[in-house]
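**Student:** Structure supplied as input_39.txt; contents: compact mmCIF, C-alpha atoms and all ligand atoms.
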```txt
# COMPACT_ATOMS: atom_id res chain seq x y z
CA MET A 45 -6.10 1.60 -25.03
CA MET A 46 -8.15 -0.88 -23.02
CA LEU A 47 -6.20 -2.34 -20.14
CA PRO A 48 -7.38 -5.67 -18.76
CA THR A 49 -9.24 -5.68 -15.44
CA PRO A 50 -7.69 -7.94 -12.78
CA SER A 51 -9.48 -11.18 -12.08
CA THR A 52 -11.41 -11.30 -8.79
CA SER A 53 -13.10 -14.64 -9.40
CA HIS A 54 -11.63 -16.07 -6.16
CA VAL A 55 -13.21 -13.33 -4.00
CA CYS A 56 -16.30 -14.01 -1.89
CA PHE A 57 -18.53 -10.97 -2.43
CA ASP A 58 -20.78 -11.92 0.48
CA HIS A 59 -18.37 -10.04 2.73
CA VAL A 60 -15.93 -8.21 0.46
CA TYR A 61 -16.94 -5.19 -1.66
CA GLU A 62 -17.56 -6.21 -5.26
CA PRO A 63 -15.89 -3.96 -7.85
CA ALA A 64 -18.47 -1.43 -9.01
CA GLU A 65 -18.78 1.87 -10.88
CA ASP A 66 -16.64 3.65 -8.25
CA SER A 67 -13.83 1.09 -8.54
CA PHE A 68 -13.85 1.37 -12.33
CA LEU A 69 -13.85 5.17 -12.26
CA LEU A 70 -10.68 4.96 -10.18
CA LEU A 71 -9.05 2.56 -12.68
CA ASP A 72 -10.05 4.68 -15.66
CA THR A 73 -8.83 7.88 -14.02
CA LEU A 74 -5.44 6.49 -12.97
CA SER A 75 -4.79 5.13 -16.46
CA SER A 76 -6.21 8.14 -18.36
CA SER A 77 -3.64 9.85 -20.53
CA SER A 78 -3.80 13.05 -18.47
CA GLU A 79 -3.19 11.33 -15.13
CA ALA A 80 -0.52 9.06 -16.60
CA ALA A 81 1.23 12.19 -17.89
CA PHE A 82 1.01 13.82 -14.46
CA LEU A 83 2.34 10.72 -12.71
CA GLN A 84 5.10 10.05 -15.22
CA ASN A 85 6.28 13.59 -14.85
CA ARG A 86 6.72 12.90 -11.14
CA PHE A 87 7.96 9.33 -11.14
CA SER A 88 9.32 8.09 -14.47
CA ASN A 89 12.97 9.04 -13.88
CA ALA A 90 14.33 5.51 -14.32
CA GLN A 91 16.93 5.75 -11.55
CA SER A 92 14.89 7.50 -8.87
CA PRO A 93 13.78 5.40 -5.90
CA PRO A 94 10.72 3.23 -6.65
CA PRO A 95 7.51 5.02 -5.63
CA LEU A 96 5.41 3.46 -2.88
CA VAL A 97 1.73 3.17 -3.81
CA LEU A 98 -0.65 2.77 -0.86
CA GLU A 99 -4.30 1.91 -1.27
CA VAL A 100 -6.43 2.18 1.86
CA GLY A 101 -9.59 0.08 1.84
CA VAL A 102 -8.42 -2.34 -0.87
CA GLY A 103 -11.57 -4.49 -0.75
CA SER A 104 -11.21 -7.11 -3.51
CA GLY A 105 -7.88 -5.54 -4.45
CA VAL A 106 -9.02 -4.72 -7.97
CA VAL A 107 -7.65 -1.16 -7.96
CA LEU A 108 -4.27 -1.93 -6.43
CA ALA A 109 -3.83 -4.98 -8.66
CA PHE A 110 -4.64 -2.92 -11.74
CA THR A 111 -2.17 -0.23 -10.69
CA ALA A 112 0.54 -2.80 -10.01
CA ALA A 113 0.03 -4.72 -13.24
CA ASN A 114 -0.12 -1.56 -15.37
CA ALA A 115 2.71 0.29 -13.65
CA GLU A 116 4.60 0.82 -16.89
CA ARG A 117 1.65 2.51 -18.55
CA ILE A 118 0.69 4.59 -15.50
CA PHE A 119 4.06 5.54 -13.99
CA GLY A 120 6.41 4.96 -16.90
CA ARG A 121 8.31 2.32 -14.89
CA GLN A 122 7.74 -1.18 -13.58
CA ASP A 123 9.70 -1.08 -10.35
CA ILE A 124 6.99 0.34 -8.11
CA LEU A 125 6.07 -0.88 -4.63
CA THR A 126 2.47 -1.47 -3.62
CA ILE A 127 0.96 -1.85 -0.19
CA GLY A 128 -2.68 -2.06 0.89
CA THR A 129 -4.74 -1.84 4.05
CA ASP A 130 -8.30 -2.77 4.91
CA ILE A 131 -10.25 -2.89 8.15
CA ASN A 132 -11.83 -6.16 6.93
CA SER A 133 -9.44 -9.10 7.32
CA PHE A 134 -11.25 -11.16 4.66
CA ALA A 135 -10.69 -8.32 2.20
CA CYS A 136 -6.96 -8.32 3.08
CA GLN A 137 -6.61 -12.01 2.21
CA ALA A 138 -8.63 -11.64 -0.98
CA ALA A 139 -6.79 -8.54 -2.15
CA ALA A 140 -3.34 -10.04 -1.59
CA GLN A 141 -4.34 -12.87 -3.94
CA THR A 142 -5.80 -10.49 -6.54
CA VAL A 143 -2.60 -8.46 -6.65
CA ARG A 144 -0.36 -11.55 -6.85
CA THR A 145 -2.38 -13.01 -9.71
CA ALA A 146 -2.50 -9.79 -11.70
CA ILE A 147 1.25 -9.25 -11.40
CA THR A 148 2.07 -12.76 -12.60
CA GLU A 149 -0.61 -12.84 -15.29
CA TYR A 150 0.00 -9.59 -17.07
CA GLY A 151 2.37 -7.48 -15.03
CA HIS A 152 5.38 -9.46 -16.27
CA GLY A 153 6.15 -10.26 -12.63
CA LYS A 154 8.12 -7.05 -12.30
CA THR A 155 6.15 -4.91 -9.88
CA ILE A 156 6.93 -5.45 -6.22
CA SER A 157 3.87 -6.04 -4.17
CA LEU A 158 4.48 -5.71 -0.46
CA ASP A 159 1.66 -6.83 1.77
CA VAL A 160 -1.96 -6.09 2.53
CA VAL A 161 -2.31 -5.31 6.21
CA ASN A 162 -5.38 -5.35 8.40
CA GLY A 163 -5.66 -1.91 9.93
CA ASP A 164 -7.47 1.36 10.32
CA LEU A 165 -6.84 3.73 7.40
CA ALA A 166 -3.09 4.49 7.14
CA SER A 167 -2.40 4.52 10.87
CA CYS A 168 0.44 1.97 10.63
CA LEU A 169 2.33 3.66 7.79
CA ARG A 170 5.58 5.45 8.49
CA PRO A 171 5.15 9.25 8.18
CA ARG A 172 6.17 10.75 4.79
CA SER A 173 6.61 7.34 3.18
CA VAL A 174 3.72 7.28 0.69
CA ASP A 175 4.24 8.59 -2.84
CA VAL A 176 0.88 7.69 -4.34
CA PHE A 177 -2.18 7.32 -2.13
CA ILE A 178 -5.49 5.83 -3.33
CA PHE A 179 -8.80 5.64 -1.45
CA ASN A 180 -12.27 4.61 -2.54
CA PRO A 181 -13.91 5.15 0.85
CA PRO A 182 -17.22 4.12 2.36
CA TYR A 183 -18.96 7.27 1.06
CA VAL A 184 -22.71 6.66 1.36
CA PRO A 185 -24.55 8.88 3.87
CA ALA A 186 -25.71 6.09 6.22
CA ASP A 187 -25.14 5.32 9.88
CA LEU A 188 -21.76 3.81 10.65
CA PRO A 189 -21.94 0.20 11.82
CA ASP A 190 -21.48 -0.68 15.49
CA PHE A 191 -17.73 -1.26 15.82
CA ALA A 192 -18.14 -3.03 19.14
CA ARG A 193 -18.70 -6.19 17.09
CA HIS A 194 -15.60 -5.76 14.96
CA ASP A 195 -13.19 -8.15 16.67
CA LYS A 196 -15.80 -10.87 16.67
CA TYR A 197 -16.87 -10.36 13.06
CA ASN A 198 -13.36 -9.84 11.67
CA VAL A 199 -12.52 -13.57 12.00
CA LEU A 200 -14.26 -16.84 11.21
CA PRO A 201 -16.63 -17.92 14.00
CA ASP A 202 -15.00 -20.40 16.42
CA GLY A 203 -14.57 -23.78 14.79
CA GLN A 204 -16.51 -22.73 11.67
CA LYS A 205 -15.41 -22.58 8.05
CA LYS A 206 -18.01 -20.02 7.00
CA THR A 207 -19.00 -16.51 8.04
CA THR A 208 -22.50 -15.90 9.40
CA PHE A 209 -25.17 -13.79 7.72
CA GLU A 210 -24.98 -11.04 10.39
CA GLN A 211 -21.23 -11.01 10.04
CA ASP A 212 -21.43 -10.57 6.28
CA SER A 213 -23.92 -7.70 6.63
CA TYR A 214 -21.63 -5.98 9.12
CA LEU A 215 -18.57 -6.36 6.87
CA LEU A 216 -20.44 -5.02 3.85
CA GLU A 217 -21.74 -2.08 5.87
CA LEU A 218 -18.11 -1.19 6.58
CA SER A 219 -17.54 -0.93 2.86
CA TYR A 220 -20.22 1.64 2.06
CA ALA A 221 -21.53 3.39 5.21
CA GLY A 222 -19.88 6.78 5.61
CA GLY A 223 -21.86 8.46 8.41
CA GLU A 224 -22.96 12.10 8.14
CA ASP A 225 -22.70 13.40 4.54
CA GLY A 226 -20.92 10.09 3.88
CA MET A 227 -17.77 11.91 5.00
CA VAL A 228 -16.93 10.61 8.49
CA VAL A 229 -14.36 8.01 7.38
CA THR A 230 -13.07 10.16 4.51
CA ASN A 231 -12.52 13.13 6.83
CA ARG A 232 -10.52 11.00 9.24
CA MET A 233 -8.42 9.87 6.30
CA LEU A 234 -7.94 13.37 4.89
CA ASP A 235 -6.57 14.42 8.29
CA GLN A 236 -3.77 11.83 7.95
CA ILE A 237 -2.81 12.73 4.38
CA PRO A 238 -0.37 15.60 5.04
CA GLU A 239 1.49 13.35 7.46
CA ILE A 240 1.84 10.23 5.32
CA LEU A 241 2.58 11.76 1.89
CA SER A 242 6.23 12.01 0.95
CA THR A 243 7.62 15.52 0.76
CA GLY A 244 8.01 16.73 -2.80
CA ARG A 245 6.41 13.96 -4.82
CA GLY A 246 3.45 12.68 -2.75
CA VAL A 247 0.01 12.71 -4.40
CA ALA A 248 -3.39 11.37 -3.27
CA TYR A 249 -6.46 10.19 -5.20
CA VAL A 250 -9.74 10.08 -3.26
CA LEU A 251 -13.20 9.23 -4.60
CA LEU A 252 -16.12 11.47 -3.63
CA CYS A 253 -19.82 11.28 -4.43
CA ALA A 254 -22.19 14.22 -4.91
CA GLN A 255 -23.64 13.93 -1.38
CA ASN A 256 -20.13 14.36 0.06
CA LYS A 257 -20.29 18.06 -1.04
CA PRO A 258 -17.10 17.76 -3.08
CA GLU A 259 -16.69 21.48 -3.76
CA ALA A 260 -16.59 22.23 -0.03
CA VAL A 261 -14.19 19.33 0.55
CA LYS A 262 -11.77 20.67 -2.04
CA GLN A 263 -12.03 24.19 -0.62
CA ARG A 264 -11.14 22.91 2.83
CA ILE A 265 -8.06 21.09 1.54
CA ARG A 266 -6.81 24.21 -0.22
CA GLN A 267 -6.81 25.87 3.20
CA TRP A 268 -4.45 23.27 4.71
CA GLY A 269 -1.61 25.65 3.93
CA ILE A 270 0.42 27.20 1.15
CA GLY A 271 0.79 24.96 -1.88
CA TRP A 272 -1.97 22.45 -1.11
CA MET A 273 -4.06 21.68 -4.19
CA ALA A 274 -7.26 19.71 -4.75
CA GLU A 275 -8.76 19.17 -8.21
CA THR A 276 -11.31 16.89 -9.81
CA VAL A 277 -9.46 14.72 -12.34
CA GLY A 278 -12.12 12.15 -13.25
CA SER A 279 -15.89 11.86 -13.03
CA SER A 280 -18.83 9.72 -14.04
CA GLY A 281 -22.59 9.56 -14.08
CA LYS A 282 -23.94 13.04 -14.70
CA GLN A 283 -27.21 13.57 -12.80
CA ALA A 284 -29.07 16.83 -13.34
CA GLY A 285 -25.80 18.60 -14.09
CA TRP A 286 -24.02 17.04 -11.10
CA GLU A 287 -21.30 14.45 -11.34
CA LYS A 288 -22.47 11.49 -9.32
CA LEU A 289 -18.94 10.27 -8.60
CA GLN A 290 -15.64 12.02 -8.96
CA ILE A 291 -11.96 11.44 -8.28
CA MET A 292 -10.19 14.22 -6.45
CA ARG A 293 -6.44 14.59 -6.72
CA VAL A 294 -4.71 16.16 -3.70
CA TRP A 295 -1.08 17.25 -3.74
CA LYS A 296 1.26 19.95 -2.58
CA GLU A 297 2.94 22.18 -5.15
CA ALA A 298 6.60 22.75 -4.45
CA LEU A 299 7.28 26.37 -3.64
CA ASN A 300 9.49 28.06 -6.14
CA LEU A 301 11.59 30.42 -4.07
CA GLN A 302 13.54 32.46 -6.56
CA MET B 95 4.51 -10.44 5.31
CA LYS B 96 7.81 -9.50 3.74
CA LEU B 97 10.67 -8.05 5.73
CA LEU B 98 10.77 -5.12 3.29
CA THR B 99 7.26 -4.19 4.43
CA LEU B 100 8.65 -3.54 7.91
CA ASN B 101 10.67 -0.72 6.39
CA PHE B 102 7.41 1.19 5.87
CA LEU B 103 5.39 0.32 8.96
CA THR B 104 5.31 1.84 12.39
CA CYS B 105 3.26 1.47 15.56
CA ALA B 106 -0.36 2.50 14.97
CA VAL B 107 -0.62 4.20 18.36
CA LYS B 108 -0.78 7.95 17.70
CA THR B 109 1.58 8.98 20.46
CA CYS B 110 4.24 6.52 19.21
CA LYS B 111 4.55 8.17 15.79
CA SER B 112 7.10 10.73 16.93
CA SER B 113 9.15 8.23 18.93
CA PRO B 114 12.21 6.75 17.18
CA ALA B 115 11.71 3.58 19.25
CA ALA B 116 8.42 2.82 17.45
CA PHE B 117 10.31 2.02 14.22
CA PRO B 118 11.12 -0.59 13.18
CA LEU B 119 8.64 -2.99 14.75
CA HIS B 120 10.34 -6.10 16.09
CA PRO B 121 9.29 -9.58 14.93
CA ARG B 122 8.86 -12.00 17.88
CA ASP B 123 8.03 -15.69 18.05
CA ALA B 124 7.91 -15.66 14.29
CA THR B 125 7.34 -18.60 11.98
CA LEU B 126 9.13 -17.65 8.80
CA GLN B 127 8.49 -18.85 5.30
CA VAL B 128 10.75 -18.41 2.32
CA VAL B 129 8.67 -17.69 -0.75
CA GLU B 130 10.79 -17.64 -3.88
CA THR B 131 10.17 -14.83 -6.33
CA GLU B 132 11.87 -13.54 -9.44
CA LEU B 133 14.72 -11.13 -8.75
CA ASN B 134 14.27 -7.64 -10.18
CA LEU B 135 17.70 -6.06 -10.46
CA ALA B 136 16.51 -2.60 -11.51
CA PHE B 137 14.24 -2.51 -8.50
CA LEU B 138 16.98 -3.53 -6.08
CA LYS B 139 19.38 -0.93 -7.45
CA ASN B 140 16.85 1.88 -7.24
CA MET B 141 15.75 0.77 -3.81
CA LEU B 142 19.21 1.25 -2.25
CA PRO B 143 18.82 4.95 -1.40
CA ARG B 144 15.29 4.43 -0.09
CA LEU B 145 16.02 1.69 2.43
CA MET B 146 16.42 2.47 6.10
CA TRP B 147 19.57 0.36 6.47
CA ASP B 148 20.09 0.51 10.21
CA GLU B 149 16.52 -0.50 10.91
CA LEU B 150 16.66 -3.20 8.24
CA ARG B 151 19.75 -4.60 9.90
CA VAL B 152 18.03 -4.69 13.29
CA VAL B 153 15.10 -6.64 11.84
CA ALA B 154 17.28 -8.99 9.81
CA ASP B 155 19.49 -9.76 12.80
CA GLU B 156 16.46 -10.47 14.95
CA VAL B 157 14.95 -12.67 12.29
CA CYS B 158 18.18 -14.58 11.66
CA GLY B 159 17.61 -16.11 15.06
CA PHE B 160 14.52 -17.84 13.68
CA LEU B 161 16.20 -19.08 10.54
CA LEU B 162 17.41 -22.38 11.94
CA SER B 163 16.27 -24.66 9.18
CA PHE B 164 18.14 -23.08 6.30
CA PRO B 165 21.35 -21.08 5.81
CA PRO B 166 20.73 -17.61 7.17
CA PRO B 167 20.89 -14.82 4.60
CA CYS B 168 22.19 -12.67 7.42
CA PHE B 169 23.36 -9.19 6.78
CA PRO B 170 27.05 -9.61 7.46
CA CYS B 171 27.18 -11.69 4.24
CA PHE B 172 27.34 -8.58 2.08
CA PRO B 173 28.91 -5.13 1.99
CA PHE B 174 26.77 -2.80 3.98
CA PRO B 175 25.06 -0.83 2.60
CA PRO B 176 25.90 -2.07 -0.90
CA THR B 177 26.33 0.17 -3.94
CA ARG B 178 24.60 -0.29 -7.30
CA SER B 179 27.79 -1.90 -8.60
CA ASP B 180 27.90 -4.39 -5.73
CA LEU B 181 24.63 -5.80 -7.07
CA VAL B 182 26.00 -6.76 -10.48
CA VAL B 183 28.59 -9.43 -11.34
CA GLY B 184 31.63 -7.52 -12.54
CA GLY B 185 30.11 -4.21 -11.44
CA GLU B 186 27.58 -2.00 -13.19
CA ALA B 187 28.70 -2.06 -16.85
CA GLY B 188 26.30 0.59 -17.16
CA ALA B 189 25.12 3.58 -18.86
CA ALA B 190 28.37 4.43 -20.64
CA ALA B 191 28.54 1.28 -22.73
CA THR B 192 24.89 1.44 -23.67
CA ALA B 193 25.09 5.12 -24.51
CA GLU B 194 27.88 4.44 -26.98
CA GLY B 195 25.46 2.28 -28.89
CA GLU B 196 27.07 -1.00 -27.99
CA GLU B 197 24.84 -3.92 -27.60
CA GLU B 198 23.19 -3.91 -24.20
CA VAL B 199 24.66 -6.65 -22.05
CA GLU B 200 22.32 -8.53 -19.77
CA GLU B 201 23.50 -7.76 -16.25
CA VAL B 202 23.88 -10.72 -13.91
CA PRO B 203 22.82 -10.27 -10.28
CA SER B 204 25.69 -10.78 -7.84
CA GLN B 205 25.56 -12.89 -4.69
CA THR B 206 24.96 -9.64 -2.80
CA ALA B 207 21.90 -8.91 -4.95
CA GLN B 208 20.63 -12.43 -4.35
CA ASP B 209 21.13 -12.12 -0.59
CA LEU B 210 19.41 -8.77 -0.52
CA HIS B 211 16.51 -10.12 -2.58
CA ARG B 212 16.22 -13.08 -0.21
CA VAL B 213 16.13 -10.84 2.87
CA LEU B 214 13.83 -8.12 1.56
CA LEU B 215 11.34 -9.98 -0.57
CA GLU B 216 11.52 -13.73 -0.04
CA THR B 217 11.74 -14.00 3.74
CA THR B 218 8.24 -13.63 5.15
CA VAL B 219 6.69 -13.71 8.60
CA HIS B 220 3.84 -16.19 8.38
CA GLU B 221 2.75 -16.29 12.02
CA GLY B 222 4.00 -14.36 15.02
CA LYS B 223 3.99 -10.89 16.50
CA LEU B 224 5.38 -7.46 15.77
CA VAL B 225 6.33 -5.57 18.89
CA CYS B 226 6.57 -1.78 19.28
CA GLY B 227 9.82 -0.73 20.99
CA ASN B 228 8.12 2.32 22.47
CA CYS B 229 4.79 1.24 23.96
CA GLY B 230 5.34 -2.54 23.91
CA HIS B 231 2.10 -3.19 21.99
CA GLU B 232 2.12 -6.57 20.22
CA TYR B 233 0.55 -6.82 16.78
CA LYS B 234 -0.38 -10.34 15.74
CA VAL B 235 0.52 -11.76 12.34
CA MET B 236 -1.84 -14.48 11.17
CA GLU B 237 -1.47 -16.29 7.86
CA GLY B 238 0.96 -13.61 6.75
CA VAL B 239 -1.42 -10.73 7.49
CA PRO B 240 -0.48 -8.40 10.36
CA ASN B 241 -3.34 -6.95 12.39
CA PHE B 242 -2.83 -3.29 13.32
CA LEU B 243 -6.31 -2.62 14.63
CA LEU B 244 -6.34 -1.07 18.09
CA PRO B 245 -9.39 -1.07 20.34
CA GLY B 246 -9.29 2.74 20.20
CA HIS B 247 -9.66 2.75 16.42
CA LEU B 248 -13.02 1.18 16.61
CA VAL B 249 -15.03 3.62 18.69
C1 LIG C 401 -16.11 1.26 -1.34
S1 LIG C 401 -15.11 -0.06 -0.76
C2 LIG C 401 -13.78 0.01 -1.95
C3 LIG C 401 -13.12 -1.33 -2.23
C4 LIG C 401 -12.10 -1.33 -3.37
N1 LIG C 401 -11.01 -0.42 -3.09
C5 LIG C 401 -12.76 -0.97 -4.67
O1 LIG C 401 -12.54 0.16 -5.15
O2 LIG C 401 -13.49 -1.78 -5.22
C6 LIG C 401 -14.40 0.59 0.74
C7 LIG C 401 -13.40 -0.30 1.45
O3 LIG C 401 -12.86 0.40 2.57
C8 LIG C 401 -12.74 -0.47 3.68
N2 LIG C 401 -12.73 0.34 4.91
C9 LIG C 401 -13.79 0.92 5.53
N3 LIG C 401 -13.39 1.59 6.63
C10 LIG C 401 -12.03 1.44 6.70
C11 LIG C 401 -11.03 1.88 7.63
N4 LIG C 401 -11.34 2.64 8.67
N5 LIG C 401 -9.76 1.51 7.41
C12 LIG C 401 -9.43 0.74 6.34
N6 LIG C 401 -10.33 0.30 5.43
C13 LIG C 401 -11.61 0.64 5.60
C14 LIG C 401 -13.92 -1.41 3.54
O4 LIG C 401 -13.73 -2.62 4.24
C15 LIG C 401 -13.98 -1.60 2.02
O5 LIG C 401 -13.18 -2.67 1.61
ZN ZN C 402 3.77 1.85 20.12
```
Kindly return the structure encoded in the file as structure tokens.
**Tutor:**
Amino acid sequence: MMLPTPSTSHVCFDHVYEPAEDSFLLLDTLSSSSEAAFLQNRFSNAQSPPPLVLEVGVGSGVVLAFTAANAERIFGRQDILTIGTDINSFACQAAAQTVRTAITEYGHGKTISLDVVNGDLASCLRPRSVDVFIFNPPYVPADLPDFARHDKYNVLPDGQKKTTFEQDSYLLELSYAGGEDGMVVTNRMLDQIPEILSTGRGVAYVLLCAQNKPEAVKQRIRQWGIGWMAETVGSSGKQAGWEKLQIMRVWKEALNLQ
Amino acid sequence: MKLLTLNFLTCAVKTCKSSPAAFPLHPRDATLQVVETELNLAFLKNMLPRLMWDELRVVADEVCGFLLSFPPPCFPCFPFPPTRSDLVVGGEAGAAATAEGEEEVEEVPSQTAQDLHRVLLETTVHEGKLVCGNCGHEYKVMEGVPNFLLPGHLV
């Protein structure tokens, strides 16, 4: 079944990441029949508390909007909660609009979208509150931008209605540059995952590219402690036998003490 | 930002995470906006066990102070915390009737459900600050978007 892609026609792609192959791999993976089955098994009990879906780095909001609008198909229920964060304030404004539109247009208005907050990763989320975590990080091996300019570039220039060219370049760098192995931002995020995921039903989806050394990343996660799992559940763009992009699912298996 | 969002947020300062005083964050100098949305009864019912009621009450009481221009949907207006039945006119007819194959009756949201919906999802902080009760840090809210970036995050 083809699910409609949320409209992002209001988003200015000069300084907000434009949905690309990575974004679409995330959408396809979350709505694939195998992931939907996994998620419904965890969340579809109609009277259990609504799951909280957090996307870090929402960008245009296309992934969170898709998840919200297709909650029934993905989670087997419509009463889910969504929340997003991005370090780029222009992305926050754009994404909030994308989610609102998608929910009214084809989500039957039933999903509850909370807010999109301007912040670093998930640092403002209450510990153990996130049931489903989604992250399409800046994953390209390239120098991180100079954050000293962030406060200045995160808002419109004084008295102006438009961003400057340097500002736009900085904001776009934030969306792809991942430092060494493209893993600097992702590693900081992975460190927070055990703390933010809810006990029992929390699950995380993180996009990796081939240069991120995904096999080593997954191995490291499995060493977080007993029960921690990391598997590839979606991939695209085979290159010389390597998947160019993949979606890794991270979760903790409940211990069966019998 | 919606008041319900405050049920999931805490101070972004690392050392505040373990302090009970860092949650909830306290709205200050807030300009509120009421944004009407459709009420989702199933959501409200399922949300009851998930809400942090004491913290929600703190926030709602603080915010009531700003609600001068319209009747406050303050917490004392409804049983606290409400049950699933409190949210439906005439109580939750419920599962039993439907299971017996009778025609499913459309449940009508009670005043309590409407008040809860108003507080959680329709009352939003448009401009203002969110203050941490532990370290005193003030997070600005601009055009409905709170800014949680700390200088330390960006080095
Ligand atoms: C590859 S883009 C993904 C955008 C969108 N989720 C998508 O899939 O199309 C990465 C996003 O992460 C954001 N980002 C980068 N560093 C971040 C950080 N430390 N905290 C929060 N968001 C961050 C960028 O601003 C950008 O919007
Ligand atoms: Zn604090």
**Student:** Could the residues of chain B within 7 Å of chain A, counting all atoms listed in the file, be given as number ranges by chain, please?
**Tutor:** B: 95-96, 99, 102-106, 134, 137, 140-141, 143-144, 239-243, 247-249
**Student:** So what do you get for atom CA of Ala113 of chain A versus atom CA of Pro50 of chain A, distance-wise?
**Tutor:**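 It comes out at 8.4 Å.
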**Student:** Could you check which of B:Val199, B:Leu98, B:Ala124, B:Val107 is closest to Met236 of chain B, using all atoms listed in the file?
**Tutor:**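 The shortest atom-to-atom distance to Met236 of chain B comes from B:Ala124.
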**Student:** Report, in Å to a single decimal, how far apart atom CA of His120 of chain B and atom CA of Val235 of chain B are.
**Tutor:**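 So the two atoms, atom CA of Val235 of chain B and atom CA of His120 of chain B, lie 11.9 Å apart.
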**Student:** Find the distance between atom CA of Pro48 of chain A and atom O3 of ligand LIG 401 (chain C) and write it in Å to one decimal.
**Tutor:**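 Interatomic distance here is 22.8 Å.
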**Student:** So that each row is one residue of chain B with an atom at most 9 Å from ligand ZN 402 (chain C), can you give its shortest atom pair and the distance in Å to one decimal, using only C-alpha atoms and all ligand atoms, rows by chain and rising number, as a tab-separated table?
**Tutor:**
```
residue	atom	partner	partner_atom	distance
B:Thr104	CA	C:ZN402	ZN	7.9
B:Cys105	CA	C:ZN402	ZN	4.6
B:Ala106	CA	C:ZN402	ZN	6.6
B:Val107	CA	C:ZN402	ZN	5.3
B:Lys108	CA	C:ZN402	ZN	8.0
B:Thr109	CA	C:ZN402	ZN	7.5
B:Cys110	CA	C:ZN402	ZN	4.8
B:Lys111	CA	C:ZN402	ZN	7.7
B:Ser113	CA	C:ZN402	ZN	8.4
B:Ala115	CA	C:ZN402	ZN	8.2
B:Ala116	CA	C:ZN402	ZN	5.4
B:Phe117	CA	C:ZN402	ZN	8.8
B:Leu119	CA	C:ZN402	ZN	8.7
B:Val225	CA	C:ZN402	ZN	7.9
B:Cys226	CA	C:ZN402	ZN	4.7
B:Gly227	CA	C:ZN402	ZN	6.6
B:Asn228	CA	C:ZN402	ZN	5.0
B:Cys229	CA	C:ZN402	ZN	4.0
B:Gly230	CA	C:ZN402	ZN	6.0
B:His231	CA	C:ZN402	ZN	5.6
B:Glu232	CA	C:ZN402	ZN	8.6
```
**Student:** Go through A:Lys257, A:Lys282, A:Arg264, A:His59 one by one, measure the shortest atom-to-atom distance of each to ligand LIG 401 (chain C) using only C-alpha atoms and all ligand atoms, and give the residue with the smallest value.
**Tutor:**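 Ranked by minimum distance to ligand LIG 401 (chain C), first place goes to A:His59.
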**Student:** Using the file's own x, y and z axes, so that the box edges lie along x, y and z, what centre and edge lengths in Å (one decimal) does a box around every listed atom of ligand LIG 401 (chain C) get when 4 Å is added on each side? Give it as AutoDock Vina command-line options.
**Tutor:**
```
--center_x -12.8 --center_y 0.0 --center_z 1.7 --size_x 14.7 --size_y 13.3 --size_z 21.9
```
**Student:** So, counting all atoms listed in the file, which residue among A:Phe57, A:Phe179, A:Tyr197, A:Phe110 is closest to ligand LIG 401 (chain C)?
**Tutor:**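 For ligand LIG 401 (chain C), the nearest of the candidates is A:Phe179.
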**Student:** Would you mind listing the residues within 8 Å of ligand LIG 401 (chain C), counting all atoms listed in the file, as a PyMOL selection string?
**Tutor:** (chain A and resi 60-64+66-68+70+99-108+129-132+135+162-166+179-183+215-216+218-220+229) or (chain B and resi 247)
**Student:** Residues within 7 Å of Ala109 of chain A, please, as a PyMOL selection string. Count all atoms listed in the file; anything in the same chain fewer than 5 positions from it doesn't count.
**Tutor:** chain A and resi 50+142-143+146
**Student:** Could you name the residues that touch Ala274 of chain A at 6 Å or less, counting all atoms listed in the file, but leaving out those on the same chain fewer than 4 positions away, as JSON, numbers by chain?
**Tutor:** {"A": [262, 293, 294]}
**Student:** Could you name the residues that touch Arg117 of chain A at 12 Å or less, counting only C-alpha atoms, but leaving out those on the same chain fewer than 4 positions away, as a list of chain:residue names?
**Tutor:**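 In the requested format, the answer is A:Met45, A:Met46, A:Leu47, A:Leu74, A:Ser75, A:Ser76, A:Ser77, A:Ser78, A:Glu79, A:Ala80, A:Ala81, A:Leu83, A:Gln84, A:Phe87, A:Ser88, A:Phe110, A:Thr111, A:Ala112, A:Ala113, A:Arg121, A:Gln122, A:Ile124, A:Gly151.
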**Student:** Mind checking which residues fall within 12 Å of Met273 of chain A, counting only C-alpha atoms, ignoring those fewer than 5 positions away in the same chain, and posting them as a PyMOL selection string?
**Tutor:** chain A and resi 238+246-249+261-268+292-298
**Student:** Restricting the calculation to only C-alpha atoms, which member of B:Glu149, B:Gly184, B:Glu221, B:Glu200 is positioned closest to Leu100 of chain B?
**Tutor:**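 Closest candidate: B:Glu149.
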**Student:** Using only C-alpha atoms, which of the listed residues (A:Ile147, A:Ala186, A:Leu241, A:Met233) sits closest to Glu132 of chain B?
**Tutor:**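 When distances to Glu132 of chain B are compared using only C-alpha atoms, the smallest one comes from A:Ile147.
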**Student:** Which residues, written as a list of chain:residue names, have at least one atom at most 7 Å from Asn101 of chain B, with all atoms listed in the file counted and residues fewer than 5 positions away on the same chain left out?
**Tutor:**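 Final neighbour list, sorted by chain and number: B:Pro118, B:Met146, B:Leu150.
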**Student:** Include C-alpha atoms and write out the residues we just selected as an mmCIF file, in the frame of the given file.
**Tutor:**
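out-v8.cif, freshly written:
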```cif
data_model
loop_
_atom_site.group_PDB
_atom_site.id
_atom_site.type_symbol
_atom_site.label_atom_id
_atom_site.label_comp_id
_atom_site.auth_asym_id
_atom_site.auth_seq_id
_atom_site.Cartn_x
_atom_site.Cartn_y
_atom_site.Cartn_z
ATOM 1 C CA PRO B 118 11.120 -0.590 13.180
ATOM 2 C CA MET B 146 16.420 2.470 6.100
ATOM 3 C CA LEU B 150 16.660 -3.200 8.240
#
```
